[in-house]
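Here is the file model-v6.cif (mmCIF, C-alpha atoms).
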```cif
data_input
#
loop_
_atom_site.label_atom_id
_atom_site.label_comp_id
_atom_site.auth_asym_id
_atom_site.auth_seq_id
_atom_site.Cartn_x
_atom_site.Cartn_y
_atom_site.Cartn_z
CA MET A 14 4.59 -3.38 -1.54
CA ALA A 15 0.84 -3.10 -1.40
CA VAL A 16 -0.75 0.35 -1.43
CA LYS A 17 -3.17 1.53 1.26
CA GLN A 18 -6.62 2.62 0.26
CA THR A 19 -6.96 6.23 1.42
CA GLY A 20 -9.46 9.03 1.16
CA GLN A 21 -12.64 7.01 1.61
CA PRO A 22 -15.07 9.46 3.26
CA SER A 23 -16.50 8.28 6.56
CA PHE A 24 -19.99 8.70 7.98
CA VAL A 25 -18.68 11.40 10.33
CA GLU A 26 -17.37 13.43 7.38
CA ALA A 27 -20.82 13.32 5.79
CA LEU A 28 -22.28 14.92 8.93
CA MET A 29 -19.71 17.71 9.15
CA PRO A 30 -20.64 21.25 8.06
CA LYS A 31 -19.74 22.01 4.45
CA GLY A 32 -16.91 24.48 5.20
CA ALA A 33 -15.33 22.56 8.09
CA GLY A 34 -11.58 22.48 7.77
CA ALA A 35 -11.56 24.68 4.69
CA ASN A 36 -8.34 26.38 3.64
CA ALA A 37 -8.85 28.64 0.64
CA ALA A 38 -5.18 28.62 -0.42
CA LEU A 39 -4.89 24.82 -0.34
CA ASP A 40 -8.26 24.37 -2.06
CA ARG A 41 -7.15 26.74 -4.82
CA LEU A 42 -3.81 24.94 -5.22
CA ALA A 43 -5.54 21.55 -5.32
CA GLY A 44 -7.84 22.83 -8.06
CA LEU A 45 -5.10 24.42 -10.18
CA VAL A 46 -2.61 21.55 -10.32
CA LYS A 47 -3.09 18.60 -12.64
CA TRP A 48 -2.16 15.93 -10.07
CA TYR A 49 -2.52 13.04 -12.50
CA ARG A 50 0.57 14.33 -14.32
CA PHE A 51 2.65 14.12 -11.16
CA GLU A 52 1.23 10.68 -10.42
CA LYS A 53 2.26 9.58 -13.88
CA LEU A 54 5.81 10.90 -13.35
CA ILE A 55 6.42 9.49 -9.87
CA GLY A 56 4.06 6.51 -9.77
CA HIS A 57 6.79 4.06 -10.73
CA LEU A 58 8.74 4.85 -7.54
CA ARG A 59 6.62 2.42 -5.53
CA ASP A 60 6.69 -1.31 -6.26
CA GLU A 61 3.17 -2.51 -5.51
CA GLY A 62 4.08 -6.19 -5.79
CA SER A 63 6.65 -6.41 -3.00
CA PRO A 64 5.78 -7.96 0.38
CA GLY A 65 5.31 -6.01 3.56
CA ARG A 66 2.92 -3.63 5.16
CA PRO A 67 0.83 -1.57 2.71
CA GLY A 68 2.35 1.83 2.01
CA TYR A 69 0.72 5.12 1.17
CA PRO A 70 0.06 6.06 -2.45
CA VAL A 71 2.95 8.03 -3.95
CA LEU A 72 0.74 11.03 -4.68
CA VAL A 73 -0.34 11.25 -1.01
CA LEU A 74 3.31 11.34 0.05
CA PHE A 75 4.19 13.86 -2.67
CA ARG A 76 1.40 16.19 -1.57
CA ALA A 77 2.52 15.81 2.06
CA VAL A 78 6.09 16.80 1.14
CA LEU A 79 4.66 19.78 -0.76
CA LEU A 80 2.84 20.88 2.40
CA GLN A 81 6.03 20.39 4.38
CA SER A 82 7.87 22.70 2.00
CA LEU A 83 5.12 25.34 1.81
CA TYR A 84 4.72 25.61 5.58
CA GLY A 85 8.36 25.04 6.59
CA LEU A 86 7.61 21.97 8.70
CA SER A 87 9.97 19.31 9.99
CA GLU A 88 9.01 15.67 9.46
CA ARG A 89 7.63 15.42 12.99
CA GLU A 90 5.69 18.70 12.61
CA LEU A 91 4.24 17.48 9.32
CA GLU A 92 3.12 14.24 10.95
CA GLU A 93 1.47 16.19 13.79
CA ALA A 94 -0.19 18.63 11.37
CA LEU A 95 -1.56 15.79 9.23
CA GLY A 96 -3.01 14.23 12.37
CA ASP A 97 -4.45 17.51 13.61
CA ARG A 98 -5.45 19.72 10.67
CA LEU A 99 -8.43 18.69 8.62
CA SER A 100 -7.41 20.98 5.74
CA PHE A 101 -4.02 19.23 5.48
CA LYS A 102 -5.65 15.79 5.52
CA ARG A 103 -8.04 16.79 2.76
CA PHE A 104 -5.25 18.31 0.66
CA VAL A 105 -3.13 15.16 0.71
CA GLY A 106 -6.13 12.88 0.16
CA LEU A 107 -6.63 11.31 3.58
CA SER A 108 -9.99 10.86 5.28
CA LEU A 109 -10.61 11.59 8.96
CA GLU A 110 -10.06 7.95 9.83
CA ASP A 111 -6.81 7.53 7.86
CA ALA A 112 -3.69 7.63 9.99
CA PRO A 113 -1.07 10.10 8.76
CA PRO A 114 2.21 8.79 7.37
CA THR A 115 4.67 8.39 10.21
CA THR A 116 8.43 8.64 10.43
CA ARG A 117 8.51 6.35 13.45
CA SER A 118 8.61 2.58 13.03
#
```

This entry written out as structure tokens:
Amino acid sequence: MAVKQTGQPSFVEALMPKGAGANAALDRLAGLVKWYRFEKLIGHLRDEGSPGRPGYPVLVLFRAVLLQSLYGLSERELEEALGDRLSFKRFVGLSLEDAPPTTRS
């Protein structure tokens, strides 16, 4: 399965105020964790060569599940929060224009 390109900043994001959507706790967590280690551990879970619609990078999904656990969200609530909260999008590595992972087909 191909992997979506995510996190490319858009023109709109360049025009936003510097602190827009800031969440001190998530920013601190993002800075403390060595994410490349998790990516190394779980990166093999996605087969990039299989056919089908491009999927999200494994690290984006891992960070989303981490948010789900930290905030006690259901899958639907996580999807809504990723579509609504700029701080959540930034934490998982999505830009403003990236659609959040969905549980609906």

Item checked: Two-atom distance - CA of Pro67 (chain A), CA of Val105 (chain A) (Å) ->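 Between CA of Pro67 (chain A) and CA of Val105 (chain A) the gap is 17.3 Å.
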
Check: Which of these, A:Arg89, A:Arg41, A:Ala94, A:Tyr69, has the shortest distance to Asp111 (chain A) once you count all atoms listed in the file?
Finding: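 The answer is A:Tyr69, which sits nearest to Asp111 (chain A).
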
Next item on the list: Mind giving me the straight-line distance from CA of Arg103 (chain A) to CA of Ala35 (chain A) in Å, one decimal?
Entry: 8.9 Å

Item checked: Spatial neighbours of region 43-50 of chain A, max dist 10 Å, all atoms listed in the file, sep filter under 6 positions, as a list in words ->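 Those residues are Ala37, Gly56, Leu72, Phe75, Arg76, Arg103, Phe104 and Val105 of chain A.
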
Item checked: For CA of Leu80 (chain A) and CA of Leu95 (chain A), the interatomic separation in Å (one decimal) -> 9.6 Å

Item checked: Long-range neighbours of Pro114 (chain A) as a ChimeraX atom specification, 10 Å cut-off, only C-alpha atoms, 5 positions minimum in chain -> /A:68-69,73-74,77,88,91-93,95-96,107

Next item on the list: Find the residue from A:Pro70, A:Glu90, A:Tyr84, A:Ala38 that sits nearest to Thr115 (chain A); use only C-alpha atoms when measuring.
Entry: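 Looking at the shortest contact to Thr115 (chain A), the residue is A:Glu90.
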
Notebook entry, point to check: A:Phe101, A:Pro64, A:Pro113, A:Leu42: which is nearest Gln81 (chain A), counting all atoms listed in the file?
Noted result: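 Under the stated criterion, the closest residue is A:Phe101.
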
Complete the atom set of region 77-94 of chain A to N, CA, C and O atoms and return it as an mmCIF file, in the frame of the given file.
```
data_model
loop_
_atom_site.group_PDB
_atom_site.id
_atom_site.type_symbol
_atom_site.label_atom_id
_atom_site.label_comp_id
_atom_site.auth_asym_id
_atom_site.auth_seq_id
_atom_site.Cartn_x
_atom_site.Cartn_y
_atom_site.Cartn_z
ATOM 1 N N ALA A 77 2.084 15.542 0.684
ATOM 2 C CA ALA A 77 2.520 15.810 2.060
ATOM 3 C C ALA A 77 3.859 16.546 2.071
ATOM 4 O O ALA A 77 4.051 17.497 2.837
ATOM 5 N N VAL A 78 4.785 16.127 1.216
ATOM 6 C CA VAL A 78 6.090 16.800 1.140
ATOM 7 C C VAL A 78 5.907 18.231 0.615
ATOM 8 O O VAL A 78 6.606 19.152 1.044
ATOM 9 N N LEU A 79 4.968 18.428 -0.275
ATOM 10 C CA LEU A 79 4.660 19.780 -0.760
ATOM 11 C C LEU A 79 4.170 20.660 0.390
ATOM 12 O O LEU A 79 4.612 21.807 0.534
ATOM 13 N N LEU A 80 3.286 20.129 1.222
ATOM 14 C CA LEU A 80 2.840 20.880 2.400
ATOM 15 C C LEU A 80 3.999 21.194 3.334
ATOM 16 O O LEU A 80 4.095 22.300 3.873
ATOM 17 N N GLN A 81 4.871 20.215 3.514
ATOM 18 C CA GLN A 81 6.030 20.390 4.380
ATOM 19 C C GLN A 81 6.874 21.559 3.889
ATOM 20 O O GLN A 81 7.320 22.398 4.669
ATOM 21 N N SER A 82 7.073 21.630 2.590
ATOM 22 C CA SER A 82 7.870 22.700 2.000
ATOM 23 C C SER A 82 7.155 24.051 2.101
ATOM 24 O O SER A 82 7.766 25.065 2.448
ATOM 25 N N LEU A 83 5.870 24.082 1.797
ATOM 26 C CA LEU A 83 5.120 25.340 1.810
ATOM 27 C C LEU A 83 5.030 25.958 3.207
ATOM 28 O O LEU A 83 5.072 27.178 3.359
ATOM 29 N N TYR A 84 4.909 25.111 4.220
ATOM 30 C CA TYR A 84 4.720 25.610 5.580
ATOM 31 C C TYR A 84 5.983 25.530 6.429
ATOM 32 O O TYR A 84 5.950 25.857 7.615
ATOM 33 N N GLY A 85 7.101 25.090 5.862
ATOM 34 C CA GLY A 85 8.360 25.040 6.590
ATOM 35 C C GLY A 85 8.320 24.107 7.788
ATOM 36 O O GLY A 85 8.773 24.473 8.866
ATOM 37 N N LEU A 86 7.786 22.912 7.609
ATOM 38 C CA LEU A 86 7.610 21.970 8.700
ATOM 39 C C LEU A 86 8.710 20.916 8.708
ATOM 40 O O LEU A 86 9.190 20.511 7.650
ATOM 41 N N SER A 87 9.077 20.465 9.889
ATOM 42 C CA SER A 87 9.970 19.310 9.990
ATOM 43 C C SER A 87 9.126 18.058 9.754
ATOM 44 O O SER A 87 7.894 18.137 9.658
ATOM 45 N N GLU A 88 9.762 16.908 9.674
ATOM 46 C CA GLU A 88 9.010 15.670 9.460
ATOM 47 C C GLU A 88 8.037 15.414 10.611
ATOM 48 O O GLU A 88 6.898 15.014 10.397
ATOM 49 N N ARG A 89 8.492 15.630 11.816
ATOM 50 C CA ARG A 89 7.630 15.420 12.990
ATOM 51 C C ARG A 89 6.471 16.426 12.995
ATOM 52 O O ARG A 89 5.337 16.068 13.298
ATOM 53 N N GLU A 90 6.747 17.689 12.661
ATOM 54 C CA GLU A 90 5.690 18.700 12.610
ATOM 55 C C GLU A 90 4.674 18.389 11.516
ATOM 56 O O GLU A 90 3.469 18.593 11.705
ATOM 57 N N LEU A 91 5.145 17.868 10.396
ATOM 58 C CA LEU A 91 4.240 17.480 9.320
ATOM 59 C C LEU A 91 3.334 16.347 9.785
ATOM 60 O O LEU A 91 2.126 16.374 9.554
ATOM 61 N N GLU A 92 3.903 15.361 10.442
ATOM 62 C CA GLU A 92 3.120 14.240 10.950
ATOM 63 C C GLU A 92 2.043 14.734 11.925
ATOM 64 O O GLU A 92 0.882 14.323 11.848
ATOM 65 N N GLU A 93 2.421 15.642 12.826
ATOM 66 C CA GLU A 93 1.470 16.190 13.790
ATOM 67 C C GLU A 93 0.385 17.013 13.089
ATOM 68 O O GLU A 93 -0.794 16.927 13.433
ATOM 69 N N ALA A 94 0.775 17.803 12.096
ATOM 70 C CA ALA A 94 -0.190 18.630 11.370
ATOM 71 C C ALA A 94 -1.166 17.762 10.579
ATOM 72 O O ALA A 94 -2.361 18.066 10.522
#
```
